[in-house]
Amino acid sequence: MDVLDYWWTHGGELASRLGRHVWLVGVSTLVAVAIGVPLGITASRRPRMSAPLVGFANIVQTVPSLAMFGFLLPIPLIGGVGARAALVVLVVYGLLPIVRTTIAGMHGIAPAVREAGIAMGMRPRELLWQVELPLALPAILAGIRVAAVVGVGSTTIAAAIGAGGLGEYIYRGLSMVNTSIILAGAIPAALLALAVDAALWLLERRLTRRHLRPKRAALWGAAVVLTCVVGAAVAAGRSTPRIVVGSKNFTEQILLGEILAQTLERDTVLQVERRLNLGGTLICDRALATGDIDLYVEYTGTALTAIFGESPAADAAAVRRRVGELYARTGRTLLPSLGFDNTFAILVRGREARARGLKTIEDAARETPQWKAAFGYEFLERPDGFRGLAAVYGLRFAEPPSAMDLALSYRALASGQVDLIAGDATAGLIRSLDLVRLEDNRHYFPPYDAVPIARTDLLYRYPQVRLALERLGGRISADVMQRLNHDVDVLRQDPAEVAKRFLETL
Amino acid sequence: MPAIEFRSVSYRPPRGARVLQGFDLAIEAGELAVLVGRSGSGKTTALKLVNRLLVPEVGAVWVDGKNAADWDVVRLRRSIGYVIQDVGLFPHMTVAENIGVVPSLEGWPADRIEARVRELLTLVDLAPATFATRWPDELSGGQRQRVGVARALAVDPPVLLMDEPFGALDPVTRGELQRELRRLHVRLRKTILLVTHDMDEALTLGDRVGVLCDGVLVAFETPVAIASSTDPRVRTLLDAASTVARGAAGNRSADALTPDRLTP
C-alpha cells in the first residue's frame with residue numbers, strides 16, 4: 001500500500017498537518033460561535049433583520065470556497081495568503097449555519113413559555129439565559145456541528161492559499177498526479193470530519209439533557225474545543241518563523257521552494273517556514289508584495305507579461321534587466337538566475353511527430369484543425385499564453401481548447417484524449433511519456449529564466465540570505481531541472497528528499 | 001382600597017381596532033372576581049393590563065393603591081402570580097425547578113426553595129416525592145395546571161391572574177380543579193382575577209362576575225344577580241351555558257358551594 005508507506009515515512013509531518021488542520025477548524029468554529037450565536041439571537045428578535053440576513057447567508061454559502069479565498073487575496077488586513085485569510089473565510093462559512101439555526105431555535109420556542117417567563121418578572125437577560133437559550137440550544141448545537149464538519153472540508157481547500165493542513169497533501173498529490181499523496185491527505189480529512197461529527201453529536205446529547213443550563217453547556221463546549229485547539233497547536237509545533245519561502249503549485253516550483261528553503265536552513269541560522277503550493281503566479285506575487293512570503297522563484301518572462309503587464313520580448317538579457325527594474329520599484333529584488341529557462345513547451349505525442357514529420361509549431365498548425373488541445377488555466381488566461389500563440393501561428397482546433405490542470409494534461413496527451421498541450425520545458429514527464437516538444441520557430445515565447453525574487457527589506461535585514469542564494473546562481477541547468485522533476489513526477493520520490501540529494505551534489 | 005382597579009381604561013393594539021373601551025372595575029382585596037365573555041371580548045387584554053404585559057391607551061390600572069405604570073415592572077410582576085391556559089411550564093426544567101424559578105430569581109437560598117416547593121406541591125395535591133423530579137411532558141393536563149398554580153404562588157404574591165386556566169381540560173378534571181381553586185381561595189385569601197368564556201365556570205367560581213361584551217363591561221355583580229339578569233347581552237352567555245346557569249342562582253347553594261366555601 002503506497003498510502004501506508006507514505007504515512008510511515010511522513011509520520012511527523014502527518015501529525016503536524018493534522019494538528020494544523022484541527023487548529024484551523026477549532027479556532028474558526030469558536031470565533032464563528034462567538035459571533036454567530038449573538039447575531040442569530042439579535043436577528044431572531046428583529047424580523048426585518050433576520051429575513052435579509054438568512055437570505056444573504058444562503059447566497060454566500062453558494063459561493064465556492066476556492067472563489068472566496070480568491071476574493072480575499074487582494075484585501076488588506078483580512079486577506080492575503082496564509083492562516084489569517086483562511087480563518088476569515090472559514091469563520092464566514094461557519095457563521096452561516098450557526099446564525100440560521102440560532103434564529104430557527106429562537107423562533108421555535110412556544111410563545112406561552114416566553115410569555116410565562118416575562119409575566120413572572122424575568123428581566124431580558126434572565127429570560128435569555130434561563131429560558132430562551134436552553135430551549136434553542138439543541139438547534140444551535142446542530143448548527144455548530146454542521147459548521148465544524150463543513151469546516152474540516154473547507155480547510156483542505158485553504159491549503160491553496162498556504163494555510164497548511166491536510167489539504168497540502170491533496171494539492172501536492174494533484175500537482176504531482178500521485179494518487180497516494182492525495183489519499184494521504186484525503187483519508188485523514190474524511191476521518192477527521194467523521195470524528196468531529198461524532199464527537200459533537202455526543203456533546204449535543206450530553207448538553208441537551210434538560211437539566212443542563214446553557215452557561216454550563218457553553219463552559220463544557222469551550223473546554224472541549226480549547227483542549228483540542230491547544231493540543232493541535234502543540235502538535236503543529238507552531239514556532240515563530242523568520243523567513244517564509246513560497247512556491248507555485250507545480251512540481252518544479254515545489255522542488256525549487258525546497259531547494260531555497262534547505263539552502264537557507266543549511267547556510268544561515270534563520271528559521272525557515274515553507275508555504276509551498278500557493279496556487280498560480282498572481283497569488284505568489286500578491287503574497288510577496290504583502291509580506292506573507294519573503295521569497296519564491298519566478299520566471300522572467302512570466303514576471304514581465306503576467307505580473308507587470310508589458311508585452312513579450314525576445315532578448316533574455318533585456319527582459320532580465322527590465323524585470324529587475326520593475327521589481328526594484330516595488331520593493332523587491334531579483335537574485336541571480338538559477339541557470340535554466342523554463343519556457344512553455346508545445347508538446348505532441350512522439351509517435352505522431354515522427355509519423356508526420358512535425359518539428360516546429362508551424363508544422364503542427366497544418367494538422368490542428370483535426371486536433372483537440374488542452375491547456376492549464378493560467379496558459380489560457382495570460383497575455384503570453386494561448387491567444388497570442390494562436391494568432392502568431394494561425395492555430396485553429398476542431399473545438400475550443402479545454403481547460404485542464406497542468407499536470408493532468410500530460411497524461412491526457414499521452415493517453416490520446418487530446419493531441420496538443422502546453423507544458424513546461426523542464427517537465428520530467430516529457431521524457432517518460434515519450435512526448436516531443438515542438439520548436440517555437442517564430443520566437444513567440446519570451447525567455448523564462450528561473451530567478452529567485454526576494455523582498456528587499458529582508459535582504460537588508462539578513463544579508464546572509466542574499467549570500468546563500470547568490471551561491472545557487474547558475475547551478476541548476478535545464479537538464480538537471482528536468483531530471484529532478486522526473487524523480488518526483490515519475491519515480492514518485494519526495495520533493496524534499498530530491499532537493500536534499502541535489503544540494504549534496506553541489 | 002381595591003386590590004386592582006381599572007379606571008376608564010381603553011386599549012387599542014398597535015395595529016387594529018380598540019378592544020377595551022371605558023373600562024371601570026374595582027376588585028377588592030381577597031376577592032375572587034371572574035370576567036366572562038366571548039372570544040375577542042377583551043377579557044384577556046384586561047388581564048394583561050394588570051401585570052403590564054400590555055399598557056393602556058387611555059386611563060390607568062391601579063394595583064395595590066399604585067398606578068401600574070409607576071411600579072417597577074419586575075417588582076409588579078413578581079408580586080402577581082400568572083396562570084394561563086397553555087400553562088407555559090418551562091419544558092427544560094423539572095417540576096421543582098419550574099416552581100422554584102421566581103424564588104431563585106429573588107435570590108432565596110436553596111434549602112428555603114426546596115421547602116417551599118414541597119409545601120406548594122402538597123398544597124396543590126401533588127405528592128412531592130413523586131412529582132418534584134418529573135419533567136413537564138410526563139404530566140397529565142390537570143397535573144400540569146396544578147404545577148402552574150403552584151408556580152404562580154411560589155413567592156406568595158397577594159394577587160393571582162388566571163387566563164382560562166381550566167380551558168384545555170376534560171370536564172371531570174375541570175370540575176375537580178375548580179373545586180380546589182375555591183378551596184385554595186378560601187384558605188389563602190388571595191385577590192384573584194380569572195377570565196373565562198364559560199358562564200358556568202364564572203358563576204361557580206366568582207365572588208363577583210363581570211360580563212364583557214365587545215370591550216365594554218356590561219355588568220359586574222354577584223353570581224345570583226348575574227344569573228337573573230335581563231340584559232340580553234348577559235342572557236346570550238347564560239343561554240349558551242349549561243346546568244348552573246339554567247338552574248339559576250337558587251341551585252347554587254346545593255350545587256356549586258362546596259363545604260370549604262361555607263367554612264372560611
# chains A, B, ... in the order shown; residues from 1 in each chain; ligands from 1

call {"tool": "residues_around", "arguments": {"residues": "segment 424-429 of chain A", "least_positions_apart": "2", "cutoff": "7 Å", "atoms": "only C-alpha atoms", "output": "mmCIF file with N, CA and C atoms, in the first residue's frame"}}
result
data_model
loop_
_atom_site.group_PDB
_atom_site.id
_atom_site.type_symbol
_atom_site.label_atom_id
_atom_site.label_comp_id
_atom_site.auth_asym_id
_atom_site.auth_seq_id
_atom_site.Cartn_x
_atom_site.Cartn_y
_atom_site.Cartn_z
ATOM 1 N N ASN A 342 12.792 27.960 -18.254
ATOM 2 C CA ASN A 342 11.629 27.074 -18.327
ATOM 3 C C ASN A 342 10.564 27.711 -19.192
ATOM 4 N N THR A 343 10.779 27.685 -20.483
ATOM 5 C CA THR A 343 9.790 28.259 -21.378
ATOM 6 C C THR A 343 8.628 27.286 -21.514
ATOM 7 N N PHE A 344 7.537 27.816 -22.076
ATOM 8 C CA PHE A 344 6.442 26.909 -22.394
ATOM 9 C C PHE A 344 6.908 25.974 -23.488
ATOM 10 N N ALA A 345 6.493 24.727 -23.372
ATOM 11 C CA ALA A 345 6.813 23.767 -24.425
ATOM 12 C C ALA A 345 5.510 23.300 -25.024
ATOM 13 N N ARG A 431 10.007 13.168 -21.030
ATOM 14 C CA ARG A 431 10.786 12.035 -21.468
ATOM 15 C C ARG A 431 10.054 10.728 -21.199
ATOM 16 N N SER A 432 9.529 10.586 -19.995
ATOM 17 C CA SER A 432 8.974 9.283 -19.628
ATOM 18 C C SER A 432 7.696 8.970 -20.386
ATOM 19 N N LEU A 433 6.966 9.954 -20.843
ATOM 20 C CA LEU A 433 5.726 9.680 -21.567
ATOM 21 C C LEU A 433 5.934 9.725 -23.080
ATOM 22 N N ALA A 478 18.969 23.242 -17.294
ATOM 23 C CA ALA A 478 17.683 22.707 -17.736
ATOM 24 C C ALA A 478 17.670 21.184 -17.613
ATOM 25 N N MET A 481 17.255 20.252 -13.991
ATOM 26 C CA MET A 481 15.875 20.511 -13.542
ATOM 27 C C MET A 481 14.935 19.433 -14.059
ATOM 28 N N GLN A 482 15.116 19.041 -15.336
ATOM 29 C CA GLN A 482 14.242 18.017 -15.891
ATOM 30 C C GLN A 482 14.411 16.697 -15.139
ATOM 31 N N ARG A 483 15.668 16.404 -14.746
ATOM 32 C CA ARG A 483 15.915 15.152 -14.030
ATOM 33 C C ARG A 483 15.256 15.189 -12.633
ATOM 34 N N ASN A 485 12.676 16.965 -11.743
ATOM 35 C CA ASN A 485 11.224 16.837 -11.944
ATOM 36 C C ASN A 485 10.833 15.392 -12.200
ATOM 37 N N HIS A 486 11.675 14.723 -12.998
ATOM 38 C CA HIS A 486 11.426 13.335 -13.341
ATOM 39 C C HIS A 486 11.429 12.468 -12.074
ATOM 40 N N ASP A 489 8.000 13.374 -10.346
ATOM 41 C CA ASP A 489 6.771 13.083 -11.078
ATOM 42 C C ASP A 489 6.677 11.633 -11.516
ATOM 43 N N VAL A 490 7.804 11.060 -11.928
ATOM 44 C CA VAL A 490 7.765 9.712 -12.493
ATOM 45 C C VAL A 490 8.184 8.683 -11.455
#

call {"tool": "interface_residues", "arguments": {"of": "chain A", "to": "chain B", "cutoff": "7 Å", "atoms": "only C-alpha atoms", "output": "JSON, numbers by chain"}}
result
{"A": [112, 113, 116, 119, 120, 121, 122, 135, 210, 211]}

call {"tool": "select_by_dssp", "arguments": {"residues": "segment 286-481 of chain A", "states": "strand (DSSP E)", "output": "VMD selection string"}}
result
chain A and resid 295 to 299 332 to 334 344 to 349 373 to 375 402 to 403 420 to 424 435 to 438 450 to 455

call {"tool": "write_last_selection", "arguments": {"atoms": "C-alpha atoms", "output": "PDB file, in the first residue's frame"}}
result
ATOM      1  CA  LEU A 295      10.829  34.908  -1.448  1.00  0.00           C
ATOM      2  CA  TYR A 296       9.967  32.484  -4.233  1.00  0.00           C
ATOM      3  CA  VAL A 297      11.227  31.549  -7.668  1.00  0.00           C
ATOM      4  CA  GLU A 298       9.692  33.378 -10.638  1.00  0.00           C
ATOM      5  CA  TYR A 299      10.384  33.211 -14.365  1.00  0.00           C
ATOM      6  CA  ARG A 332      11.672  43.517  -4.349  1.00  0.00           C
ATOM      7  CA  THR A 333      14.998  42.271  -5.578  1.00  0.00           C
ATOM      8  CA  LEU A 334      15.874  39.939  -8.426  1.00  0.00           C
ATOM      9  CA  PHE A 344       6.442  26.909 -22.394  1.00  0.00           C
ATOM     10  CA  ALA A 345       6.813  23.767 -24.425  1.00  0.00           C
ATOM     11  CA  ILE A 346       4.181  22.965 -27.019  1.00  0.00           C
ATOM     12  CA  LEU A 347       4.012  19.195 -26.801  1.00  0.00           C
ATOM     13  CA  VAL A 348       2.656  16.436 -29.011  1.00  0.00           C
ATOM     14  CA  ARG A 349       2.924  12.658 -28.857  1.00  0.00           C
ATOM     15  CA  ALA A 373      -5.989  20.720 -27.348  1.00  0.00           C
ATOM     16  CA  ALA A 374      -5.935  21.184 -23.570  1.00  0.00           C
ATOM     17  CA  PHE A 375      -4.155  23.920 -21.610  1.00  0.00           C
ATOM     18  CA  SER A 402     -10.345  22.680 -22.901  1.00  0.00           C
ATOM     19  CA  ALA A 403      -9.021  23.971 -19.607  1.00  0.00           C
ATOM     20  CA  LEU A 420      -1.578  19.053 -28.177  1.00  0.00           C
ATOM     21  CA  ILE A 421      -0.765  20.688 -24.853  1.00  0.00           C
ATOM     22  CA  ALA A 422       1.407  23.460 -23.497  1.00  0.00           C
ATOM     23  CA  GLY A 423       3.730  22.075 -20.822  1.00  0.00           C
ATOM     24  CA  ASP A 424       6.903  23.181 -19.088  1.00  0.00           C
ATOM     25  CA  LEU A 435       6.345  13.445 -25.729  1.00  0.00           C
ATOM     26  CA  VAL A 436       8.008  15.745 -28.232  1.00  0.00           C
ATOM     27  CA  ARG A 437       8.489  19.448 -27.860  1.00  0.00           C
ATOM     28  CA  LEU A 438       7.807  21.483 -30.998  1.00  0.00           C
ATOM     29  CA  ALA A 450      14.165  30.999 -13.355  1.00  0.00           C
ATOM     30  CA  VAL A 451      15.167  33.633 -10.771  1.00  0.00           C
ATOM     31  CA  PRO A 452      14.623  33.867  -7.021  1.00  0.00           C
ATOM     32  CA  ILE A 453      12.744  37.069  -6.086  1.00  0.00           C
ATOM     33  CA  ALA A 454      13.060  38.314  -2.515  1.00  0.00           C
ATOM     34  CA  ARG A 455      11.674  41.218  -0.565  1.00  0.00           C
TER      35      ARG A 455
END

call {"tool": "select_by_dssp", "arguments": {"residues": "segment 59-299 of chain A", "states": "helix (DSSP H, G or I)", "output": "VMD selection string"}}
result
chain A and resid 59 to 62 65 to 72 83 to 107 111 to 119 124 to 161 167 to 175 179 to 207 214 to 236 251 to 267 281 to 290

call {"tool": "residues_around", "arguments": {"residues": "segment 303-309 of chain A", "least_positions_apart": "5", "cutoff": "7 Å", "atoms": "only C-alpha atoms", "output": "list of chain:residue names"}}
result
A:Leu282, A:Glu298, A:Val323, A:Arg382, A:Pro383, A:Asp384

call {"tool": "residues_around", "arguments": {"residues": "segment 22-26 of chain B", "least_positions_apart": "2", "cutoff": "9 Å", "atoms": "only C-alpha atoms", "output": "ChimeraX atom specification"}}
result
/B:2-11,20,28,46,58-59,210,215-217,220

call {"tool": "write_last_selection", "arguments": {"atoms": "all heavy atoms", "output": "tab-separated table (two decimals), in the first residue's frame"}}
result
chain	number	residue	atom	x	y	z
B	2	PRO	N	-59.31	49.16	46.79
B	2	PRO	CA	-59.36	47.96	45.94
B	2	PRO	C	-57.95	47.44	45.68
B	2	PRO	O	-57.00	48.22	45.63
B	2	PRO	CB	-60.00	48.45	44.64
B	2	PRO	CG	-60.45	49.85	44.90
B	2	PRO	CD	-59.70	50.37	46.07
B	3	ALA	N	-57.82	46.08	45.53
B	3	ALA	CA	-56.51	45.50	45.20
B	3	ALA	C	-56.16	45.79	43.74
B	3	ALA	O	-55.01	46.05	43.41
B	3	ALA	CB	-56.53	44.00	45.45
B	4	ILE	N	-57.16	45.71	42.89
B	4	ILE	CA	-56.96	46.02	41.47
B	4	ILE	C	-58.07	46.96	41.05
B	4	ILE	O	-59.24	46.71	41.35
B	4	ILE	CB	-57.03	44.75	40.59
B	4	ILE	CG1	-56.00	43.71	41.04
B	4	ILE	CG2	-56.84	45.09	39.12
B	4	ILE	CD1	-56.18	42.36	40.38
B	5	GLU	N	-57.72	48.02	40.37
B	5	GLU	CA	-58.75	48.94	39.94
B	5	GLU	C	-58.47	49.44	38.52
B	5	GLU	O	-57.40	49.96	38.24
B	5	GLU	CB	-58.83	50.13	40.90
B	5	GLU	CG	-60.06	50.99	40.64
B	5	GLU	CD	-60.15	52.17	41.63
B	5	GLU	OE1	-59.23	52.34	42.45
B	5	GLU	OE2	-61.14	52.91	41.54
B	6	PHE	N	-59.45	49.23	37.65
B	6	PHE	CA	-59.36	49.78	36.29
B	6	PHE	C	-60.07	51.11	36.30
B	6	PHE	O	-61.24	51.19	36.71
B	6	PHE	CB	-60.04	48.85	35.28
B	6	PHE	CG	-59.33	47.53	35.09
B	6	PHE	CD1	-59.54	46.48	35.97
B	6	PHE	CD2	-58.48	47.34	34.01
B	6	PHE	CE1	-58.90	45.27	35.77
B	6	PHE	CE2	-57.84	46.13	33.81
B	6	PHE	CZ	-58.05	45.09	34.70
B	7	ARG	N	-59.40	52.16	35.85
B	7	ARG	CA	-60.06	53.47	35.83
B	7	ARG	C	-60.16	53.97	34.39
B	7	ARG	O	-59.17	54.34	33.79
B	7	ARG	CB	-59.25	54.48	36.64
B	7	ARG	CG	-59.20	54.12	38.13
B	7	ARG	CD	-58.56	55.23	38.92
B	7	ARG	NE	-58.41	54.84	40.32
B	7	ARG	CZ	-57.68	55.52	41.20
B	7	ARG	NH1	-57.05	56.61	40.82
B	7	ARG	NH2	-57.59	55.11	42.44
B	8	SER	N	-61.36	53.94	33.88
B	8	SER	CA	-61.69	54.32	32.49
B	8	SER	C	-60.60	53.92	31.50
B	8	SER	O	-60.06	54.76	30.78
B	8	SER	CB	-61.98	55.82	32.32
B	8	SER	OG	-61.85	56.50	33.51
B	9	VAL	N	-60.33	52.63	31.49
B	9	VAL	CA	-59.25	52.14	30.64
B	9	VAL	C	-59.75	51.84	29.24
B	9	VAL	O	-60.79	51.21	29.05
B	9	VAL	CB	-58.64	50.86	31.24
B	9	VAL	CG1	-57.68	50.20	30.26
B	9	VAL	CG2	-57.94	51.17	32.56
B	10	SER	N	-59.02	52.35	28.25
B	10	SER	CA	-59.24	51.92	26.86
B	10	SER	C	-57.93	51.34	26.35
B	10	SER	O	-56.85	51.79	26.75
B	10	SER	CB	-59.65	53.09	25.97
B	10	SER	OG	-60.91	53.57	26.38
B	11	TYR	N	-58.07	50.34	25.50
B	11	TYR	CA	-56.86	49.76	24.93
B	11	TYR	C	-57.08	49.47	23.46
B	11	TYR	O	-58.11	48.94	23.05
B	11	TYR	CB	-56.47	48.47	25.65
B	11	TYR	CG	-55.24	47.82	25.03
B	11	TYR	CD1	-53.97	48.28	25.34
B	11	TYR	CD2	-55.38	46.80	24.09
B	11	TYR	CE1	-52.86	47.73	24.75
B	11	TYR	CE2	-54.27	46.25	23.49
B	11	TYR	CZ	-53.01	46.71	23.81
B	11	TYR	OH	-51.91	46.18	23.21
B	20	LEU	N	-60.79	47.38	24.28
B	20	LEU	CA	-61.41	47.75	25.56
B	20	LEU	C	-61.80	49.21	25.47
B	20	LEU	O	-61.07	50.02	24.91
B	20	LEU	CB	-60.43	47.58	26.73
B	20	LEU	CG	-60.32	46.24	27.43
B	20	LEU	CD1	-59.42	46.38	28.64
B	20	LEU	CD2	-61.67	45.70	27.83
B	28	GLU	N	-61.87	44.01	45.12
B	28	GLU	CA	-61.44	44.17	46.49
B	28	GLU	C	-60.38	43.13	46.86
B	28	GLU	O	-60.35	42.05	46.27
B	28	GLU	CB	-62.64	44.04	47.45
B	28	GLU	CG	-63.73	45.07	47.20
B	28	GLU	CD	-63.22	46.52	47.27
B	28	GLU	OE1	-62.31	46.80	48.09
B	28	GLU	OE2	-63.70	47.36	46.47
B	46	ALA	N	-57.69	42.70	29.35
B	46	ALA	CA	-57.86	43.32	30.66
B	46	ALA	C	-56.86	42.71	31.65
B	46	ALA	O	-56.22	43.42	32.43
B	46	ALA	CB	-59.29	43.12	31.15
B	58	VAL	N	-55.66	54.70	27.13
B	58	VAL	CA	-56.24	55.78	27.92
B	58	VAL	C	-56.53	55.18	29.30
B	58	VAL	O	-56.78	54.00	29.42
B	58	VAL	CB	-57.57	56.27	27.29
B	58	VAL	CG1	-58.18	57.39	28.13
B	58	VAL	CG2	-57.34	56.75	25.85
B	59	GLY	N	-56.51	56.02	30.33
B	59	GLY	CA	-56.84	55.55	31.66
B	59	GLY	C	-55.67	54.85	32.32
B	59	GLY	O	-54.54	54.88	31.81
B	210	GLY	N	-67.95	39.66	36.22
B	210	GLY	CA	-68.10	40.76	35.28
B	210	GLY	C	-68.35	40.20	33.89
B	210	GLY	O	-67.71	39.24	33.49
B	215	GLY	N	-65.64	44.67	24.38
B	215	GLY	CA	-64.76	45.64	25.01
B	215	GLY	C	-65.43	46.54	26.03
B	215	GLY	O	-64.81	47.45	26.55
B	216	VAL	N	-66.69	46.27	26.31
B	216	VAL	CA	-67.39	47.09	27.29
B	216	VAL	C	-67.89	46.19	28.42
B	216	VAL	O	-68.37	45.09	28.19
B	216	VAL	CB	-68.60	47.81	26.63
B	216	VAL	CG1	-69.38	48.59	27.67
B	216	VAL	CG2	-68.11	48.71	25.50
B	217	LEU	N	-67.72	46.67	29.67
B	217	LEU	CA	-68.20	45.90	30.82
B	217	LEU	C	-69.70	46.17	30.96
B	217	LEU	O	-70.12	47.30	31.22
B	217	LEU	CB	-67.47	46.34	32.09
B	217	LEU	CG	-67.73	45.49	33.33
B	217	LEU	CD1	-67.13	44.10	33.16
B	217	LEU	CD2	-67.16	46.17	34.58
B	220	PHE	N	-71.25	43.88	36.52
B	220	PHE	CA	-70.29	43.33	37.47
B	220	PHE	C	-71.05	43.13	38.77
B	220	PHE	O	-71.27	44.07	39.53
B	220	PHE	CB	-69.10	44.29	37.63
B	220	PHE	CG	-68.00	43.71	38.50
B	220	PHE	CD1	-67.46	42.44	38.23
B	220	PHE	CD2	-67.53	44.40	39.61
B	220	PHE	CE1	-66.46	41.92	39.03
B	220	PHE	CE2	-66.53	43.87	40.42
B	220	PHE	CZ	-65.98	42.63	40.12
